[in-house]
file run25.json (JSON, C-alpha atoms)
[["chain", "number", "residue", "atom", "x", "y", "z"],
["M", 7, "MET", "CA", 87.79, -4.93, -114.23],
["M", 8, "ARG", "CA", 85.93, -6.14, -117.29],
["M", 9, "LEU", "CA", 82.25, -5.54, -117.90],
["M", 10, "ILE", "CA", 80.42, -8.49, -119.41],
["M", 11, "VAL", "CA", 77.49, -7.73, -121.68],
["M", 12, "VAL", "CA", 75.21, -10.63, -122.51],
["M", 13, "ASN", "CA", 73.06, -10.52, -125.62],
["M", 14, "ARG", "CA", 69.43, -11.33, -124.81],
["M", 15, "GLY", "CA", 68.78, -12.89, -128.21],
["M", 16, "LYS", "CA", 71.46, -15.58, -128.03],
["M", 17, "LYS", "CA", 71.62, -18.18, -125.32],
["M", 18, "MET", "CA", 74.90, -18.79, -123.54],
["M", 19, "THR", "CA", 76.31, -22.28, -123.43],
["M", 20, "SER", "CA", 76.49, -23.97, -120.05],
["M", 21, "SER", "CA", 80.30, -24.24, -120.18],
["M", 22, "ARG", "CA", 80.59, -20.49, -120.89],
["M", 23, "ARG", "CA", 78.15, -19.72, -118.07],
["M", 24, "HIS", "CA", 80.11, -21.91, -115.62],
["M", 25, "HIS", "CA", 83.37, -20.29, -116.69],
["M", 26, "LEU", "CA", 81.97, -16.78, -116.12],
["M", 27, "LYS", "CA", 80.52, -17.84, -112.78],
["M", 28, "SER", "CA", 83.89, -19.20, -111.62],
["M", 29, "LEU", "CA", 85.60, -15.96, -112.72],
["M", 30, "MET", "CA", 83.10, -13.90, -110.74],
["M", 31, "LEU", "CA", 83.63, -16.11, -107.68],
["M", 32, "GLN", "CA", 87.42, -15.71, -107.96],
["M", 33, "ILE", "CA", 87.09, -11.92, -108.20],
["M", 34, "ALA", "CA", 84.72, -11.88, -105.20],
["M", 35, "ALA", "CA", 87.16, -14.04, -103.19],
["M", 36, "THR", "CA", 90.04, -11.63, -103.89],
["M", 37, "TRP", "CA", 87.86, -8.69, -102.87],
["M", 38, "ILE", "CA", 86.95, -10.42, -99.60],
["M", 39, "GLU", "CA", 90.61, -11.17, -98.86],
["M", 40, "GLN", "CA", 91.56, -7.55, -99.62],
["M", 41, "GLU", "CA", 88.75, -6.29, -97.36],
["M", 42, "LYS", "CA", 89.91, -8.56, -94.50],
["M", 43, "LYS", "CA", 93.48, -7.20, -94.82],
["M", 44, "GLU", "CA", 92.19, -3.60, -94.76],
["M", 45, "ILE", "CA", 90.10, -4.28, -91.64],
["M", 46, "GLU", "CA", 93.09, -5.89, -89.90],
["M", 47, "GLU", "CA", 95.33, -2.93, -90.77],
["M", 48, "ALA", "CA", 92.69, -0.49, -89.51],
["M", 49, "LYS", "CA", 92.49, -2.42, -86.22],
["M", 50, "GLU", "CA", 96.26, -2.33, -85.78],
["M", 51, "ALA", "CA", 96.39, 1.41, -86.55],
["M", 52, "TYR", "CA", 93.60, 2.12, -84.04],
["M", 53, "MET", "CA", 95.23, 0.00, -81.33],
["M", 54, "SER", "CA", 98.63, 1.64, -81.81],
["M", 55, "GLN", "CA", 97.02, 5.09, -81.66],
["M", 56, "SER", "CA", 94.58, 4.46, -78.79],
["M", 57, "CYS", "CA", 96.58, 2.02, -76.68],
["M", 58, "PRO", "CA", 100.32, 2.76, -76.78],
["M", 59, "GLU", "CA", 102.71, 0.24, -75.23],
["M", 60, "PRO", "CA", 103.08, 0.98, -71.50],
["M", 61, "ASP", "CA", 106.53, 1.80, -70.19],
["M", 62, "LEU", "CA", 107.25, -0.94, -67.65],
["M", 63, "SER", "CA", 110.78, 0.17, -66.82],
["M", 64, "GLY", "CA", 109.86, 2.10, -63.62],
["M", 65, "ASP", "CA", 109.72, 1.05, -59.99],
["M", 66, "GLN", "CA", 106.74, -0.51, -58.21],
["M", 67, "ALA", "CA", 104.99, 2.83, -57.53],
["M", 68, "ALA", "CA", 105.19, 3.78, -61.22],
["M", 69, "LEU", "CA", 103.76, 0.39, -62.21],
["M", 70, "MET", "CA", 100.92, 0.84, -59.70],
["M", 71, "GLU", "CA", 100.17, 4.24, -61.23],
["M", 72, "ILE", "CA", 100.09, 2.72, -64.73],
["M", 73, "CYS", "CA", 97.70, 0.00, -63.51],
["M", 74, "LYS", "CA", 95.37, 2.63, -61.98],
["M", 75, "LYS", "CA", 95.35, 4.59, -65.25],
["M", 76, "LEU", "CA", 94.58, 1.42, -67.20],
["M", 77, "HIS", "CA", 91.70, 0.57, -64.84],
["M", 78, "GLN", "CA", 90.30, 4.10, -65.23],
["M", 79, "ALA", "CA", 90.54, 3.80, -69.01],
["M", 80, "ILE", "CA", 88.79, 0.42, -68.90],
["M", 81, "ASP", "CA", 85.99, 1.86, -66.74],
["M", 82, "LYS", "CA", 85.57, 4.79, -69.14],
["M", 83, "ILE", "CA", 85.43, 2.45, -72.16],
["M", 84, "ASP", "CA", 82.90, 0.20, -70.36],
["M", 85, "ASP", "CA", 80.69, 3.23, -69.67],
["M", 86, "GLU", "CA", 80.86, 4.27, -73.33],
["M", 87, "ARG", "CA", 80.07, 0.70, -74.45],
["M", 88, "TYR", "CA", 77.10, 0.54, -72.07],
["M", 89, "ASP", "CA", 75.80, 3.89, -73.36],
["M", 90, "ALA", "CA", 76.20, 2.72, -76.96],
["M", 91, "GLU", "CA", 74.34, -0.53, -76.20],
["M", 92, "ALA", "CA", 71.54, 1.44, -74.51],
["M", 93, "LYS", "CA", 71.23, 3.69, -77.57],
["M", 94, "VAL", "CA", 71.15, 0.69, -79.89],
["M", 95, "SER", "CA", 68.48, -1.09, -77.84],
["M", 96, "LYS", "CA", 66.41, 2.10, -77.67],
["M", 97, "THR", "CA", 66.57, 2.61, -81.44],
["M", 98, "ASP", "CA", 65.76, -1.08, -82.01],
["M", 99, "LYS", "CA", 62.66, -0.69, -79.85],
["M", 100, "GLU", "CA", 61.64, 2.44, -81.78],
["M", 101, "ILE", "CA", 62.12, 0.58, -85.06],
["M", 102, "GLU", "CA", 59.90, -2.27, -83.84],
["M", 103, "ASP", "CA", 57.23, 0.22, -82.72],
["M", 104, "LEU", "CA", 57.33, 1.94, -86.09],
["M", 105, "LYS", "CA", 57.04, -1.40, -87.88],
["M", 106, "LEU", "CA", 53.97, -2.23, -85.79],
["M", 107, "LYS", "CA", 52.45, 1.17, -86.59],
["M", 108, "VAL", "CA", 53.05, 0.60, -90.30],
["M", 109, "VAL", "CA", 51.32, -2.78, -90.08],
["M", 110, "GLU", "CA", 48.40, -1.21, -88.19],
["M", 111, "LEU", "CA", 48.06, 1.57, -90.77],
["M", 112, "ALA", "CA", 48.19, -0.87, -93.66],
["M", 113, "GLY", "CA", 45.60, -3.04, -91.99],
["M", 114, "VAL", "CA", 45.47, -6.78, -91.89],
["M", 115, "LYS", "CA", 43.96, -8.32, -94.97],
["M", 116, "LYS", "CA", 41.91, -11.38, -94.19],
["M", 117, "PRO", "CA", 42.48, -14.16, -96.68],
["M", 118, "ALA", "CA", 39.52, -15.48, -98.60],
["M", 119, "LEU", "CA", 38.11, -18.53, -96.90],
["M", 120, "LYS", "CA", 38.08, -21.72, -98.87],
["M", 121, "LYS", "CA", 35.23, -24.14, -98.71],
["M", 122, "VAL", "CA", 36.42, -27.32, -97.06],
["M", 123, "ARG", "CA", 34.47, -30.50, -97.11],
["M", 124, "MET", "CA", 35.10, -32.11, -93.76],
["M", 125, "SER", "CA", 32.88, -34.15, -91.53],
["M", 126, "ALA", "CA", 32.16, -33.13, -87.97],
["M", 127, "ASP", "CA", 34.19, -36.10, -86.71],
["M", 128, "ALA", "CA", 37.20, -35.02, -88.76],
["M", 129, "MET", "CA", 36.89, -31.44, -87.47],
["M", 130, "LEU", "CA", 36.81, -32.58, -83.85],
["M", 131, "GLN", "CA", 39.74, -34.90, -84.40],
["M", 132, "ALA", "CA", 41.73, -32.03, -85.98],
["M", 133, "LEU", "CA", 40.89, -29.70, -83.09],
["M", 134, "LEU", "CA", 41.39, -32.14, -80.24],
["M", 135, "GLY", "CA", 44.22, -34.13, -81.75],
["M", 136, "GLY", "CA", 44.50, -37.78, -82.61],
["M", 137, "LYS", "CA", 44.38, -38.92, -78.96],
["M", 138, "HIS", "CA", 40.71, -38.16, -78.40],
["M", 139, "LYS", "CA", 38.09, -40.32, -80.02],
["M", 140, "VAL", "CA", 34.93, -38.25, -80.32],
["M", 141, "THR", "CA", 32.03, -39.10, -82.58],
["M", 142, "MET", "CA", 29.41, -36.64, -83.69],
["M", 143, "ASP", "CA", 26.85, -39.27, -84.67],
["M", 144, "LEU", "CA", 23.94, -37.56, -82.94],
["M", 145, "ARG", "CA", 21.35, -39.95, -84.29],
["M", 146, "SER", "CA", 22.83, -42.82, -82.32],
["M", 147, "ASN", "CA", 22.27, -40.88, -79.08],
["M", 148, "LEU", "CA", 18.58, -40.31, -79.76],
["M", 149, "LYS", "CA", 15.93, -42.39, -78.04],
["M", 150, "GLN", "CA", 14.07, -44.88, -80.15],
["M", 151, "VAL", "CA", 10.36, -44.14, -80.05],
["M", 152, "LYS", "CA", 7.93, -46.65, -81.45],
["M", 153, "LYS", "CA", 4.66, -45.43, -82.85],
["M", 154, "GLU", "CA", 1.55, -47.03, -81.50],
["M", 155, "VAL", "CA", -0.81, -48.02, -84.22],
["M", 156, "LYS", "CA", -4.48, -47.37, -83.48],
["M", 157, "GLU", "CA", -6.63, -50.11, -84.58],
["M", 158, "GLU", "CA", -10.09, -49.01, -85.61],
["M", 159, "PRO", "CA", -12.87, -51.37, -84.97],
["M", 160, "THR", "CA", -13.82, -53.20, -88.10],
["M", 161, "GLU", "CA", -17.49, -52.67, -87.44],
["M", 162, "ALA", "CA", -17.18, -48.92, -87.98],
["M", 163, "VAL", "CA", -15.77, -49.34, -91.42],
["M", 164, "GLY", "CA", -18.76, -51.16, -92.84],
["M", 165, "ASP", "CA", -20.57, -49.85, -95.85],
["M", 166, "TRP", "CA", -19.65, -46.38, -96.98],
["M", 167, "ARG", "CA", -23.11, -45.63, -98.27],
["M", 168, "LYS", "CA", -24.53, -46.05, -94.83],
["M", 169, "ASN", "CA", -22.03, -43.52, -93.40],
["M", 170, "ILE", "CA", -23.01, -40.95, -96.01],
["M", 171, "GLU", "CA", -26.71, -41.40, -95.21],
["M", 172, "ASP", "CA", -26.00, -40.88, -91.48],
["M", 173, "LYS", "CA", -24.14, -37.68, -92.18],
["M", 174, "ALA", "CA", -26.94, -36.45, -94.42],
["M", 175, "ASP", "CA", -29.37, -36.90, -91.53],
["M", 176, "ARG", "CA", -27.13, -34.80, -89.29],
["M", 177, "LYS", "CA", -26.95, -32.07, -91.89],
["M", 178, "LYS", "CA", -30.73, -31.92, -92.10],
["M", 179, "MET", "CA", -30.92, -31.72, -88.35],
["M", 180, "PHE", "CA", -28.75, -28.57, -88.31],
["M", 181, "GLU", "CA", -30.61, -26.98, -91.22],
["M", 182, "THR", "CA", -34.04, -27.36, -89.65],
["M", 183, "SER", "CA", -33.18, -25.76, -86.39]]
call {"tool": "encode", "arguments": {"input": "run25.json", "output": "structure tokens"}}
result
Amino acid sequence: MRLIVVNRGKKMTSSRRHHLKSLMLQIAATWIEQEKKEIEEAKEAYMSQSCPEPDLSGDQAALMEICKKLHQAIDKIDDERYDAEAKVSKTDKEIEDLKLKVVELAGVKKPALKKVRMSADAMLQALLGGKHKVTMDLRSNLKQVKKEVKEEPTEAVGDWRKNIEDKADRKKMFETS
């Protein structure tokens, strides 16, 4: 296997890069094929060791005995598989619990809130969905109240000097008493 050293100062041409990439893919493909062959050979070796070919040359009683042994072996293997699955599920649950504890210990960081410019109508439409038409124009729901204008009699307005003289008389009245 060759080790490729790339100089950081010089840039590689695209054709050279593609050529190296295709070489790496070819090497990886051969490794995968080799690994598949090894796995297949390991399976065959295990099967020949664990499950030898049954001798079917006997009479009916011998064949019945072989069938019973095979059923017992199948039951034993099923029990082992069930136990293994139970162990795996138990460890998976423990892993999940530990992950939750790690998250709890680290604490949840609240993201900084961004200021959003949105009208009340847009907020309600986002919350309730596009189906509902809700308006938040509160001013339109208010009652219209008209102010009553008091009209002062025009006689009272009169001359302002006269009003001042009347008030001066009242002031004297309070001072004398």
call {"tool": "atom_distance", "arguments": {"input": "run25.json", "atom1": "atom CA of Ile38 of chain M", "atom2": "atom CA of Tyr52 of chain M"}}
result
21.1 Å
call {"tool": "atom_distance", "arguments": {"input": "run25.json", "atom1": "atom CA of Leu130 of chain M", "atom2": "atom CA of Ala118 of chain M"}}
result
22.7 Å
call {"tool": "atom_distance", "arguments": {"input": "run25.json", "atom1": "atom CA of Lys121 of chain M", "atom2": "atom CA of Leu133 of chain M"}}
result
17.5 Å
call {"tool": "residues_around", "arguments": {"input": "run25.json", "residues": "Cys73 of chain M", "least_positions_apart": "5", "cutoff": "12 Å", "atoms": "only C-alpha atoms", "output": "JSON, numbers by chain"}}
result
{"M": [60, 61, 62, 66, 67, 68, 78, 79, 80]}
call {"tool": "build_atoms", "arguments": {"input": "run25.json", "residues": "segment 22-35 of chain M", "atoms": "N, CA and C atoms", "output": "compact mmCIF listing (two decimals), in the coordinates of the input"}}
result
# COMPACT_ATOMS: atom_id res chain seq x y z
N ARG M 22 80.25 -21.92 -120.95
CA ARG M 22 80.59 -20.49 -120.89
C ARG M 22 80.01 -19.87 -119.60
N ARG M 23 78.79 -20.23 -119.28
CA ARG M 23 78.15 -19.72 -118.07
C ARG M 23 78.93 -20.14 -116.82
N HIS M 24 79.34 -21.42 -116.76
CA HIS M 24 80.11 -21.91 -115.62
C HIS M 24 81.47 -21.22 -115.53
N HIS M 25 82.09 -20.98 -116.68
CA HIS M 25 83.37 -20.29 -116.69
C HIS M 25 83.24 -18.87 -116.15
N LEU M 26 82.19 -18.15 -116.59
CA LEU M 26 81.97 -16.78 -116.12
C LEU M 26 81.64 -16.77 -114.62
N LYS M 27 80.88 -17.76 -114.20
CA LYS M 27 80.52 -17.84 -112.78
C LYS M 27 81.76 -18.07 -111.93
N SER M 28 82.65 -18.95 -112.38
CA SER M 28 83.89 -19.20 -111.62
C SER M 28 84.78 -17.96 -111.60
N LEU M 29 84.83 -17.21 -112.71
CA LEU M 29 85.60 -15.96 -112.72
C LEU M 29 85.04 -14.96 -111.71
N MET M 30 83.72 -14.83 -111.68
CA MET M 30 83.10 -13.90 -110.74
C MET M 30 83.38 -14.32 -109.30
N LEU M 31 83.34 -15.62 -109.02
CA LEU M 31 83.63 -16.11 -107.68
C LEU M 31 85.08 -15.84 -107.30
N GLN M 32 86.01 -16.00 -108.23
CA GLN M 32 87.42 -15.71 -107.96
C GLN M 32 87.62 -14.22 -107.65
N ILE M 33 86.97 -13.36 -108.43
CA ILE M 33 87.09 -11.92 -108.20
C ILE M 33 86.50 -11.56 -106.83
N ALA M 34 85.35 -12.14 -106.50
CA ALA M 34 84.72 -11.88 -105.20
C ALA M 34 85.62 -12.36 -104.07
N ALA M 35 86.27 -13.51 -104.23
CA ALA M 35 87.16 -14.04 -103.19
C ALA M 35 88.35 -13.10 -102.97
